[in-house]
$ cat work_16.cif   # mmCIF, C-alpha atoms; chains and numbers go by the auth columns
data_start
loop_
_atom_site.group_PDB
_atom_site.id
_atom_site.type_symbol
_atom_site.label_atom_id
_atom_site.label_comp_id
_atom_site.label_asym_id
_atom_site.label_seq_id
_atom_site.Cartn_x
_atom_site.Cartn_y
_atom_site.Cartn_z
_atom_site.B_iso_or_equiv
_atom_site.auth_seq_id
_atom_site.auth_asym_id
ATOM 1 C CA MET A 1 -34.430 -16.126 12.963 0.00 1 A
ATOM 2 C CA SER A 2 -31.165 -17.313 11.441 0.00 2 A
ATOM 3 C CA THR A 3 -28.198 -19.158 12.816 0.00 3 A
ATOM 4 C CA PRO A 4 -24.484 -18.999 11.899 0.00 4 A
ATOM 5 C CA ARG A 5 -23.338 -21.522 9.332 0.00 5 A
ATOM 6 C CA LYS A 6 -21.750 -24.643 10.698 0.00 6 A
ATOM 7 C CA THR A 7 -18.248 -25.327 9.458 0.00 7 A
ATOM 8 C CA THR A 8 -18.456 -29.106 9.155 0.00 8 A
ATOM 9 C CA ASP A 9 -18.621 -28.722 5.356 0.00 9 A
ATOM 10 C CA ASN A 10 -15.876 -26.104 5.367 0.00 10 A
ATOM 11 C CA PRO A 11 -12.448 -27.758 5.213 0.00 11 A
ATOM 12 C CA ARG A 12 -9.535 -25.380 5.443 0.00 12 A
ATOM 13 C CA LYS A 13 -7.797 -27.193 2.639 0.00 13 A
ATOM 14 C CA PRO A 14 -8.582 -27.005 -1.092 0.00 14 A
ATOM 15 C CA TYR A 15 -11.042 -29.404 -2.669 0.00 15 A
ATOM 16 C CA GLY A 16 -9.677 -32.433 -4.475 0.00 16 A
ATOM 17 C CA SER A 17 -12.550 -32.334 -6.973 0.00 17 A
ATOM 18 C CA VAL A 18 -15.479 -30.076 -7.768 0.00 18 A
ATOM 19 C CA MET A 19 -17.685 -32.921 -6.552 0.00 19 A
ATOM 20 C CA ASP A 20 -16.251 -32.271 -3.057 0.00 20 A
ATOM 21 C CA LEU A 21 -17.805 -28.790 -2.852 0.00 21 A
ATOM 22 C CA PRO A 22 -20.553 -28.726 -0.186 0.00 22 A
ATOM 23 C CA SER A 23 -23.194 -27.509 -2.649 0.00 23 A
ATOM 24 C CA PHE A 24 -22.280 -30.220 -5.152 0.00 24 A
ATOM 25 C CA ARG A 25 -22.411 -32.915 -2.478 0.00 25 A
ATOM 26 C CA GLU A 26 -25.787 -31.654 -1.328 0.00 26 A
ATOM 27 C CA LEU A 27 -27.091 -31.501 -4.880 0.00 27 A
ATOM 28 C CA SER A 28 -25.832 -34.995 -5.567 0.00 28 A
ATOM 29 C CA ARG A 29 -27.569 -36.332 -2.469 0.00 29 A
ATOM 30 C CA GLY A 30 -30.748 -34.541 -3.538 0.00 30 A
ATOM 31 C CA PHE A 31 -30.666 -36.045 -7.011 0.00 31 A
ATOM 32 C CA LYS A 32 -30.134 -39.524 -5.619 0.00 32 A
ATOM 33 C CA GLY A 33 -32.984 -39.103 -3.147 0.00 33 A
ATOM 34 C CA VAL A 34 -35.404 -37.847 -5.768 0.00 34 A
ATOM 35 C CA ASP A 35 -34.222 -40.565 -8.135 0.00 35 A
ATOM 36 C CA LEU A 36 -35.233 -43.186 -5.582 0.00 36 A
ATOM 37 C CA LEU A 37 -38.680 -41.630 -5.207 0.00 37 A
ATOM 38 C CA THR A 38 -39.286 -41.403 -8.949 0.00 38 A
ATOM 39 C CA ARG A 39 -38.848 -45.130 -9.258 0.00 39 A
ATOM 40 C CA PHE A 40 -42.075 -45.525 -7.285 0.00 40 A
ATOM 41 C CA ILE A 41 -44.235 -42.382 -7.559 0.00 41 A
ATOM 42 C CA ALA A 42 -43.161 -40.446 -10.664 0.00 42 A
ATOM 43 C CA ARG A 43 -41.928 -42.829 -13.330 0.00 43 A
ATOM 44 C CA ASP A 44 -42.704 -40.344 -16.098 0.00 44 A
ATOM 45 C CA GLN A 45 -40.131 -37.951 -14.592 0.00 45 A
ATOM 46 C CA TRP A 46 -37.400 -40.532 -14.201 0.00 46 A
ATOM 47 C CA ALA A 47 -35.823 -40.026 -17.653 0.00 47 A
ATOM 48 C CA GLU A 48 -35.823 -36.231 -17.241 0.00 48 A
ATOM 49 C CA LEU A 49 -34.221 -36.522 -13.820 0.00 49 A
ATOM 50 C CA GLN A 50 -31.540 -38.857 -15.115 0.00 50 A
ATOM 51 C CA GLN A 51 -30.729 -36.385 -17.896 0.00 51 A
ATOM 52 C CA ARG A 52 -30.427 -33.494 -15.441 0.00 52 A
ATOM 53 C CA TYR A 53 -28.179 -35.540 -13.189 0.00 53 A
ATOM 54 C CA LYS A 54 -26.009 -36.445 -16.182 0.00 54 A
ATOM 55 C CA GLU A 55 -25.663 -32.754 -17.057 0.00 55 A
ATOM 56 C CA PHE A 56 -24.749 -31.963 -13.460 0.00 56 A
ATOM 57 C CA GLN A 57 -22.015 -34.600 -13.485 0.00 57 A
ATOM 58 C CA GLN A 58 -20.739 -33.354 -16.857 0.00 58 A
ATOM 59 C CA LEU A 59 -20.423 -29.827 -15.504 0.00 59 A
ATOM 60 C CA ALA A 60 -18.334 -31.054 -12.589 0.00 60 A
ATOM 61 C CA GLN A 61 -16.222 -33.211 -14.898 0.00 61 A
ATOM 62 C CA THR A 62 -15.509 -30.277 -17.217 0.00 62 A
ATOM 63 C CA VAL A 63 -14.220 -28.150 -14.347 0.00 63 A
ATOM 64 C CA ASP A 64 -12.061 -30.998 -13.048 0.00 64 A
ATOM 65 C CA ASP A 65 -10.720 -31.633 -16.565 0.00 65 A
ATOM 66 C CA PHE A 66 -9.879 -27.937 -16.906 0.00 66 A
ATOM 67 C CA TYR A 67 -7.840 -28.069 -13.722 0.00 67 A
ATOM 68 C CA GLU A 68 -6.125 -31.303 -14.714 0.00 68 A
ATOM 69 C CA ARG A 69 -5.034 -29.769 -18.013 0.00 69 A
ATOM 70 C CA LEU A 70 -4.413 -26.145 -17.056 0.00 70 A
ATOM 71 C CA GLY A 71 -4.121 -26.059 -13.264 0.00 71 A
ATOM 72 C CA PRO A 72 -0.410 -26.959 -13.332 0.00 72 A
ATOM 73 C CA ARG A 73 0.088 -23.932 -15.625 0.00 73 A
ATOM 74 C CA ASN A 74 -1.585 -21.699 -13.011 0.00 74 A
ATOM 75 C CA TRP A 75 -4.932 -21.097 -14.688 0.00 75 A
ATOM 76 C CA ILE A 76 -8.041 -20.881 -12.508 0.00 76 A
ATOM 77 C CA PHE A 77 -11.602 -21.820 -13.448 0.00 77 A
ATOM 78 C CA HIS A 78 -13.764 -18.960 -12.187 0.00 78 A
ATOM 79 C CA GLU A 79 -17.532 -18.604 -11.954 0.00 79 A
ATOM 80 C CA LEU A 80 -17.917 -16.314 -14.993 0.00 80 A
ATOM 81 C CA MET A 81 -16.460 -18.829 -17.415 0.00 81 A
ATOM 82 C CA ASN A 82 -18.906 -20.459 -19.796 0.00 82 A
ATOM 83 C CA VAL A 83 -18.796 -24.208 -19.138 0.00 83 A
ATOM 84 C CA GLY A 84 -19.759 -25.075 -22.716 0.00 84 A
ATOM 85 C CA ARG A 85 -16.967 -22.926 -24.125 0.00 85 A
ATOM 86 C CA ILE A 86 -14.407 -24.450 -21.793 0.00 86 A
ATOM 87 C CA GLU A 87 -15.645 -27.900 -22.710 0.00 87 A
ATOM 88 C CA SER A 88 -15.097 -27.044 -26.393 0.00 88 A
ATOM 89 C CA ILE A 89 -11.578 -25.759 -25.725 0.00 89 A
ATOM 90 C CA LEU A 90 -10.638 -28.966 -23.933 0.00 90 A
ATOM 91 C CA ARG A 91 -12.231 -31.128 -26.631 0.00 91 A
ATOM 92 C CA GLU A 92 -10.671 -29.265 -29.554 0.00 92 A
ATOM 93 C CA THR A 93 -7.125 -29.128 -28.165 0.00 93 A
ATOM 94 C CA GLU A 94 -4.836 -31.984 -27.248 0.00 94 A
ATOM 95 C CA THR A 95 -2.164 -30.307 -25.136 0.00 95 A
ATOM 96 C CA ALA A 96 -1.942 -27.879 -22.256 0.00 96 A
ATOM 97 C CA GLU A 97 -0.201 -25.418 -24.575 0.00 97 A
ATOM 98 C CA GLY A 98 -3.042 -25.590 -27.078 0.00 98 A
ATOM 99 C CA ALA A 99 -5.699 -25.177 -24.399 0.00 99 A
ATOM 100 C CA GLU A 100 -3.798 -22.233 -22.944 0.00 100 A
ATOM 101 C CA ALA A 101 -3.643 -20.497 -26.322 0.00 101 A
ATOM 102 C CA ALA A 102 -7.388 -20.999 -26.809 0.00 102 A
ATOM 103 C CA LEU A 103 -8.088 -19.705 -23.321 0.00 103 A
ATOM 104 C CA ILE A 104 -6.100 -16.538 -24.017 0.00 104 A
ATOM 105 C CA GLU A 105 -8.118 -16.037 -27.217 0.00 105 A
ATOM 106 C CA MET A 106 -11.262 -16.198 -25.088 0.00 106 A
ATOM 107 C CA TYR A 107 -9.956 -13.417 -22.838 0.00 107 A
ATOM 108 C CA GLN A 108 -9.102 -11.343 -25.901 0.00 108 A
ATOM 109 C CA ASP A 109 -12.744 -11.538 -26.991 0.00 109 A
ATOM 110 C CA THR A 110 -14.025 -8.129 -25.877 0.00 110 A
ATOM 111 C CA GLU A 111 -17.667 -9.201 -26.046 0.00 111 A
ATOM 112 C CA THR A 112 -17.091 -12.018 -23.560 0.00 112 A
ATOM 113 C CA THR A 113 -14.846 -10.168 -21.168 0.00 113 A
ATOM 114 C CA GLY A 114 -16.812 -6.943 -21.479 0.00 114 A
ATOM 115 C CA TRP A 115 -19.728 -8.684 -19.804 0.00 115 A
ATOM 116 C CA TRP A 116 -17.383 -10.126 -17.182 0.00 116 A
ATOM 117 C CA LEU A 117 -16.089 -6.653 -16.336 0.00 117 A
ATOM 118 C CA LEU A 118 -19.602 -5.388 -15.749 0.00 118 A
ATOM 119 C CA GLN A 119 -20.016 -7.982 -12.998 0.00 119 A
ATOM 120 C CA LEU A 120 -17.133 -6.486 -10.998 0.00 120 A
ATOM 121 C CA SER A 121 -19.125 -3.371 -10.139 0.00 121 A
ATOM 122 C CA ARG A 122 -21.155 -5.247 -7.515 0.00 122 A
ATOM 123 C CA HIS A 123 -18.183 -4.755 -5.170 0.00 123 A
ATOM 124 C CA GLU A 124 -17.737 -1.174 -3.943 0.00 124 A
ATOM 125 C CA ALA A 125 -13.962 -1.640 -3.662 0.00 125 A
ATOM 126 C CA LEU A 126 -13.822 -2.537 -7.356 0.00 126 A
ATOM 127 C CA ARG A 127 -16.171 0.257 -8.430 0.00 127 A
ATOM 128 C CA ALA A 128 -13.650 2.635 -6.852 0.00 128 A
ATOM 129 C CA ARG A 129 -10.939 1.073 -9.030 0.00 129 A
ATOM 130 C CA MET A 130 -12.919 0.791 -12.255 0.00 130 A
ATOM 131 C CA GLY A 131 -10.870 3.530 -13.888 0.00 131 A
ATOM 132 C CA GLN A 132 -7.723 1.507 -13.329 0.00 132 A
ATOM 133 C CA ILE A 133 -9.431 -1.672 -14.527 0.00 133 A
ATOM 134 C CA ASP A 134 -10.545 0.120 -17.703 0.00 134 A
ATOM 135 C CA ARG A 135 -6.989 1.325 -18.325 0.00 135 A
ATOM 136 C CA ALA A 136 -5.730 -2.222 -17.839 0.00 136 A
ATOM 137 C CA ARG A 137 -8.161 -3.380 -20.516 0.00 137 A
ATOM 138 C CA GLU A 138 -7.105 -0.599 -22.879 0.00 138 A
ATOM 139 C CA HIS A 139 -3.468 -1.559 -22.424 0.00 139 A
ATOM 140 C CA TYR A 140 -4.269 -5.254 -22.869 0.00 140 A
ATOM 141 C CA ASP A 141 -6.087 -4.601 -26.146 0.00 141 A
ATOM 142 C CA ALA A 142 -3.180 -2.411 -27.312 0.00 142 A
ATOM 143 C CA GLY A 143 -0.612 -5.123 -26.590 0.00 143 A
ATOM 144 C CA GLN A 144 0.891 -3.201 -23.668 0.00 144 A
ATOM 145 C CA PHE A 145 0.912 -6.311 -21.532 0.00 145 A
ATOM 146 C CA SER A 146 3.397 -5.294 -18.841 0.00 146 A
ATOM 147 C CA SER A 147 1.467 -2.155 -17.887 0.00 147 A
ATOM 148 C CA CYS A 148 -1.759 -4.176 -17.892 0.00 148 A
ATOM 149 C CA ALA A 149 -0.217 -6.596 -15.394 0.00 149 A
ATOM 150 C CA PHE A 150 0.971 -3.708 -13.188 0.00 150 A
ATOM 151 C CA HIS A 151 -2.522 -2.234 -13.047 0.00 151 A
ATOM 152 C CA LEU A 152 -4.229 -5.516 -12.243 0.00 152 A
ATOM 153 C CA ILE A 153 -1.756 -6.492 -9.528 0.00 153 A
ATOM 154 C CA ALA A 154 -2.445 -3.144 -7.858 0.00 154 A
ATOM 155 C CA VAL A 155 -6.204 -3.594 -8.233 0.00 155 A
ATOM 156 C CA MET A 156 -6.123 -7.055 -6.655 0.00 156 A
ATOM 157 C CA ASP A 157 -3.895 -5.933 -3.800 0.00 157 A
ATOM 158 C CA GLY A 158 -6.126 -2.970 -2.995 0.00 158 A
ATOM 159 C CA PHE A 159 -9.372 -4.888 -3.384 0.00 159 A
ATOM 160 C CA VAL A 160 -8.350 -7.623 -0.933 0.00 160 A
ATOM 161 C CA ASN A 161 -7.082 -4.991 1.490 0.00 161 A
ATOM 162 C CA ASP A 162 -10.427 -3.158 1.378 0.00 162 A
ATOM 163 C CA PHE A 163 -12.608 -6.244 1.334 0.00 163 A
ATOM 164 C CA GLU A 164 -11.766 -7.353 4.865 0.00 164 A
ATOM 165 C CA ALA A 165 -11.473 -4.056 6.701 0.00 165 A
ATOM 166 C CA ASP A 166 -10.711 -5.792 9.988 0.00 166 A
ATOM 167 C CA LYS A 167 -7.537 -7.299 8.519 0.00 167 A
ATOM 168 C CA ARG A 168 -6.344 -4.522 6.184 0.00 168 A
ATOM 169 C CA ARG A 169 -3.868 -6.746 4.385 0.00 169 A
ATOM 170 C CA GLY A 170 -3.561 -6.842 0.632 0.00 170 A
ATOM 171 C CA LEU A 171 -3.330 -9.924 -1.544 0.00 171 A
ATOM 172 C CA ALA A 172 0.466 -9.957 -1.521 0.00 172 A
ATOM 173 C CA ALA A 173 0.492 -10.113 2.290 0.00 173 A
ATOM 174 C CA ARG A 174 -1.810 -13.149 2.425 0.00 174 A
ATOM 175 C CA ASP A 175 -0.704 -16.737 2.868 0.00 175 A
ATOM 176 C CA ALA A 176 -2.030 -19.140 0.274 0.00 176 A
ATOM 177 C CA ASP A 177 -4.361 -20.874 2.738 0.00 177 A
ATOM 178 C CA GLU A 178 -6.008 -17.535 3.568 0.00 178 A
ATOM 179 C CA MET A 179 -7.295 -17.463 0.002 0.00 179 A
ATOM 180 C CA PHE A 180 -9.211 -20.713 0.352 0.00 180 A
ATOM 181 C CA ALA A 181 -12.624 -20.205 -1.266 0.00 181 A
ATOM 182 C CA TRP A 182 -15.384 -22.121 0.486 0.00 182 A
ATOM 183 C CA ASP A 183 -17.855 -23.928 -1.793 0.00 183 A
ATOM 184 C CA SER A 184 -16.378 -22.340 -4.935 0.00 184 A
ATOM 185 C CA VAL A 185 -14.748 -23.735 -8.067 0.00 185 A
ATOM 186 C CA VAL A 186 -11.737 -21.502 -7.364 0.00 186 A
ATOM 187 C CA GLY A 187 -11.303 -23.492 -4.138 0.00 187 A
ATOM 188 C CA HIS A 188 -10.030 -26.492 -6.144 0.00 188 A
ATOM 189 C CA HIS A 189 -6.574 -27.701 -5.106 0.00 189 A
ATOM 190 C CA HIS A 190 -5.245 -26.435 -8.441 0.00 190 A
ATOM 191 C CA GLY A 191 -7.155 -23.174 -8.054 0.00 191 A
ATOM 192 C CA LEU A 192 -6.456 -19.916 -6.250 0.00 192 A
ATOM 193 C CA THR A 193 -4.437 -21.290 -3.322 0.00 193 A
ATOM 194 C CA HIS A 194 -2.209 -23.106 -5.814 0.00 194 A
ATOM 195 C CA VAL A 195 -1.628 -19.970 -7.916 0.00 195 A
ATOM 196 C CA MET A 196 -0.900 -17.937 -4.781 0.00 196 A
ATOM 197 C CA GLN A 197 2.280 -19.927 -4.224 0.00 197 A
ATOM 198 C CA THR A 198 3.696 -18.537 -7.465 0.00 198 A
ATOM 199 C CA PHE A 199 2.133 -15.099 -7.079 0.00 199 A
ATOM 200 C CA THR A 200 3.733 -14.444 -3.672 0.00 200 A
ATOM 201 C CA ALA A 201 7.106 -16.132 -4.260 0.00 201 A
ATOM 202 C CA SER A 202 10.091 -13.826 -3.775 0.00 202 A
ATOM 203 C CA THR A 203 12.480 -13.080 -6.642 0.00 203 A
ATOM 204 C CA LYS A 204 15.469 -11.266 -5.166 0.00 204 A
ATOM 205 C CA LYS A 205 18.048 -11.920 -7.860 0.00 205 A
ATOM 206 C CA ARG A 206 17.525 -10.228 -11.217 0.00 206 A
ATOM 207 C CA GLN A 207 16.038 -12.550 -13.819 0.00 207 A
ATOM 208 C CA ASP A 208 16.487 -11.618 -17.464 0.00 208 A
ATOM 209 C CA GLU A 209 14.847 -14.687 -19.023 0.00 209 A
ATOM 210 C CA GLU A 210 11.261 -14.122 -20.141 0.00 210 A
ATOM 211 C CA VAL A 211 8.698 -15.408 -17.675 0.00 211 A
ATOM 212 C CA PHE A 212 5.156 -16.591 -18.283 0.00 212 A
ATOM 213 C CA GLU A 213 3.870 -16.572 -14.725 0.00 213 A
ATOM 214 C CA LEU A 214 2.416 -13.759 -12.625 0.00 214 A
ATOM 215 C CA HIS A 215 5.290 -13.311 -10.156 0.00 215 A
ATOM 216 C CA ARG A 216 4.038 -10.339 -8.176 0.00 216 A
ATOM 217 C CA HIS A 217 7.218 -9.731 -6.161 0.00 217 A
ATOM 218 C CA GLY A 218 9.614 -9.918 -9.096 0.00 218 A
ATOM 219 C CA ILE A 219 7.389 -7.791 -11.330 0.00 219 A
ATOM 220 C CA MET A 220 6.603 -5.050 -8.815 0.00 220 A
ATOM 221 C CA HIS A 221 10.159 -4.841 -7.450 0.00 221 A
ATOM 222 C CA GLY A 222 11.942 -4.963 -10.794 0.00 222 A
ATOM 223 C CA SER A 223 13.696 -8.286 -10.301 0.00 223 A
ATOM 224 C CA ILE A 224 11.999 -9.783 -13.370 0.00 224 A
ATOM 225 C CA THR A 225 12.775 -7.784 -16.479 0.00 225 A
ATOM 226 C CA LYS A 226 10.855 -9.631 -19.217 0.00 226 A
ATOM 227 C CA PHE A 227 7.163 -10.267 -18.627 0.00 227 A
ATOM 228 C CA ASP A 228 5.605 -8.170 -21.397 0.00 228 A
ATOM 229 C CA ASN A 229 3.599 -10.966 -23.008 0.00 229 A
ATOM 230 C CA PRO A 230 -0.083 -11.951 -23.304 0.00 230 A
ATOM 231 C CA VAL A 231 0.311 -14.997 -21.066 0.00 231 A
ATOM 232 C CA VAL A 232 1.285 -13.001 -17.980 0.00 232 A
ATOM 233 C CA ALA A 233 -1.290 -10.277 -18.636 0.00 233 A
ATOM 234 C CA THR A 234 -4.071 -12.803 -19.216 0.00 234 A
ATOM 235 C CA LYS A 235 -3.144 -14.671 -16.048 0.00 235 A
ATOM 236 C CA ALA A 236 -3.529 -11.356 -14.218 0.00 236 A
ATOM 237 C CA TRP A 237 -7.086 -11.048 -15.562 0.00 237 A
ATOM 238 C CA ASN A 238 -7.769 -14.668 -14.715 0.00 238 A
ATOM 239 C CA MET A 239 -6.560 -14.181 -11.162 0.00 239 A
ATOM 240 C CA LEU A 240 -8.592 -10.998 -10.700 0.00 240 A
ATOM 241 C CA PHE A 241 -11.838 -12.816 -11.480 0.00 241 A
ATOM 242 C CA ALA A 242 -10.794 -15.678 -9.201 0.00 242 A
ATOM 243 C CA VAL A 243 -10.099 -13.256 -6.345 0.00 243 A
ATOM 244 C CA VAL A 244 -13.579 -11.810 -6.816 0.00 244 A
ATOM 245 C CA ASP A 245 -14.978 -15.344 -6.550 0.00 245 A
ATOM 246 C CA TRP A 246 -12.992 -15.737 -3.323 0.00 246 A
ATOM 247 C CA ALA A 247 -14.600 -12.565 -1.967 0.00 247 A
ATOM 248 C CA ASP A 248 -18.058 -13.817 -2.927 0.00 248 A
ATOM 249 C CA ALA A 249 -17.312 -17.141 -1.249 0.00 249 A
ATOM 250 C CA ARG A 250 -16.195 -15.363 1.923 0.00 250 A
ATOM 251 C CA GLN A 251 -19.453 -13.435 2.031 0.00 251 A
ATOM 252 C CA GLN A 252 -21.483 -16.573 1.437 0.00 252 A
ATOM 253 C CA GLU A 253 -19.578 -18.485 4.090 0.00 253 A
ATOM 254 C CA LYS A 254 -20.234 -15.807 6.687 0.00 254 A
ATOM 255 C CA ALA A 255 -23.892 -15.320 5.767 0.00 255 A
ATOM 256 C CA PRO A 256 -26.380 -16.672 8.326 0.00 256 A
ATOM 257 C CA LYS A 257 -28.087 -19.867 7.296 0.00 257 A
ATOM 258 C CA PRO A 258 -31.897 -19.778 7.569 0.00 258 A
ATOM 259 C CA ALA A 259 -33.110 -21.720 10.561 0.00 259 A
ATOM 260 C CA THR A 260 -34.810 -25.028 9.852 0.00 260 A
ATOM 261 C CA PRO A 261 -38.562 -24.696 10.472 0.00 261 A
ATOM 262 C CA THR A 262 -39.803 -26.577 13.517 0.00 262 A
#
$ encode --input "work_16.cif" --output "structure tokens"
Amino acid sequence: MSTPRKTTDNPRKPYGSVMDLPSFRELSRGFKGVDLLTRFIARDQWAELQQRYKEFQQLAQTVDDFYERLGPRNWIFHELMNVGRIESILRETETAEGAEAALIEMYQDTETTGWWLLQLSRHEALRARMGQIDRAREHYDAGQFSSCAFHLIAVMDGFVNDFEADKRRGLAARDADEMFAWDSVVGHHHGLTHVMQTFTASTKKRQDEEVFELHRHGIMHGSITKFDNPVVATKAWNMLFAVVDWADARQQEKAPKPATPT
């Protein structure tokens, strides 16, 4: 028998650090508990445990460093990103601009993102839109960045609308706090909820200066006239993968938690 998950570890506000995620807190407590035991009953495992705990902390630090550097520029760390590669990008660049350029190069790597795209098919609502996703990739590779952004905005809107059939509201109709991702790296305070504030902002007056943010309203309604660049298109890809992480987090949050044996 299973019981519904308790929400005591489920704040309705973004996480200040990756270390605040419920799974990370639980893992940290587990490491500390085992560490205490190894001091007395498994001394030969102590060094190995310490190394694993160090790696765990480094992973969390890399994600936090990513958000410190790139979060203000509306980039989201999603679950498909390779931590080692992100660590290298942060180490080998000194500025947010440099890290952003390296991140875009990573998205332009068809071998990396090709594998990412395969992971989308686990959601029926994305399988139904795979033709549009494939066209977005073709346009991205061909440098047709504005049409790529159009496709991906539509995919995200439709996916979110289909994902929660009881709500039937697309991404553009959601408030930022509705996109809080429980126990997920996209739930960081510089993650998806942060990006949503820019994504959903209204642009009623025509804007002829080139933009480098994914302004859904201005792009879809023609108020923004210059967004045909790799930054906007890549941010659309980045947000798509983050929205999928949000959907996964929603499913995990709602899943029954196995009952504790008595």
$ residues_around --input "work_16.cif" --residues "segment 77-82 of chain A" --least-positions-apart "5" --cutoff "9 Å" --atoms "only C-alpha atoms" --output "list in words"
Val63, Phe66, Tyr67, Gly71, Glu87, Trp116, Gln119, Ser184, Val185, Val186, His188, Gly191, Asn238, Met239, Phe241, Ala242, Val243, Val244 and Asp245 of chain A
$ residues_around --input "work_16.cif" --residues "Leu103 of chain A" --least-positions-apart "5" --cutoff "10 Å" --atoms "all atoms listed in the file" --output "NGL selection string"
:A and (70 or 75 or 85-86 or 89-90 or 97-98 or 108 or 231 or 234 or 238)
$ resolve_selection --input "work_16.cif" --expression "the PyMOL selection byres ((chain A and resi 18) around 7)" --output "PyMOL selection string"
chain A and resi 15+17+19-21+60+63-64+185+188
$ resolve_selection --input "work_16.cif" --expression "the PyMOL selection byres ((chain A and resi 146-161) around 8)" --output "number ranges by chain"
A: 125-126, 129, 132-133, 135-137, 139-140, 144-145, 162-165, 167-172, 216, 219-220, 227-229, 232-233, 236-237, 240, 243
$ atom_distance --input "work_16.cif" --atom1 "atom CA of Arg73 of chain A" --atom2 "atom CA of Met196 of chain A"
12.4 Å
$ atom_distance --input "work_16.cif" --atom1 "atom CA of Asp208 of chain A" --atom2 "atom CA of Gly222 of chain A"
10.5 Å
$ closest_residue --input "work_16.cif" --among "A:Lys226, A:Leu117, A:Ala247, A:Glu253" --to "Gly131 of chain A" --atoms "all atoms listed in the file"
A:Leu117
$ closest_residue --input "work_16.cif" --among "A:Glu111, A:Glu55, A:Asp183, A:Asp141" --to "Arg25 of chain A" --atoms "all atoms listed in the file"
A:Asp183
$ axis_aligned_box --input "work_16.cif" --around "segment 53-62 of chain A" --padding-each-side "6 Å" --output "JSON"
{"center_x": -21.8, "center_y": -33.1, "center_z": -14.9, "size_x": 24.7, "size_y": 18.6, "size_z": 16.6}
$ resolve_selection --input "work_16.cif" --expression "the PyMOL selection byres ((chain A and resi 174-178) around 9)" --output "list in words"
Arg12, Lys13, Pro14, Arg169, Gly170, Leu171, Ala172, Ala173, Met179, Phe180, Ala181, Leu192, Thr193, His194, Val195, Met196, Gln197 and Thr200 of chain A
$ closest_residue --input "work_16.cif" --among "A:Ala249, A:Ala128, A:His215, A:Trp182" --to "Pro22 of chain A" --atoms "all atoms listed in the file"
A:Trp182
$ atom_distance --input "work_16.cif" --atom1 "atom CA of Val211 of chain A" --atom2 "atom CA of Ala96 of chain A"
17.0 Å
$ residues_near_point --input "work_16.cif" --point "(-22.0, -35.1, -16.7)" --cutoff "12 Å" --atoms "only C-alpha atoms" --output "compact mmCIF listing (two decimals) with C-alpha atoms, in the frame of the given file"
# COMPACT_ATOMS: atom_id res chain seq x y z
CA MET A 19 -17.68 -32.92 -6.55
CA SER A 28 -25.83 -34.99 -5.57
CA GLN A 50 -31.54 -38.86 -15.12
CA GLN A 51 -30.73 -36.38 -17.90
CA ARG A 52 -30.43 -33.49 -15.44
CA TYR A 53 -28.18 -35.54 -13.19
CA LYS A 54 -26.01 -36.44 -16.18
CA GLU A 55 -25.66 -32.75 -17.06
CA PHE A 56 -24.75 -31.96 -13.46
CA GLN A 57 -22.02 -34.60 -13.48
CA GLN A 58 -20.74 -33.35 -16.86
CA LEU A 59 -20.42 -29.83 -15.50
CA ALA A 60 -18.33 -31.05 -12.59
CA GLN A 61 -16.22 -33.21 -14.90
CA THR A 62 -15.51 -30.28 -17.22
CA VAL A 63 -14.22 -28.15 -14.35
CA ASP A 64 -12.06 -31.00 -13.05
CA ASP A 65 -10.72 -31.63 -16.57
CA VAL A 83 -18.80 -24.21 -19.14
CA GLY A 84 -19.76 -25.08 -22.72
CA GLU A 87 -15.64 -27.90 -22.71
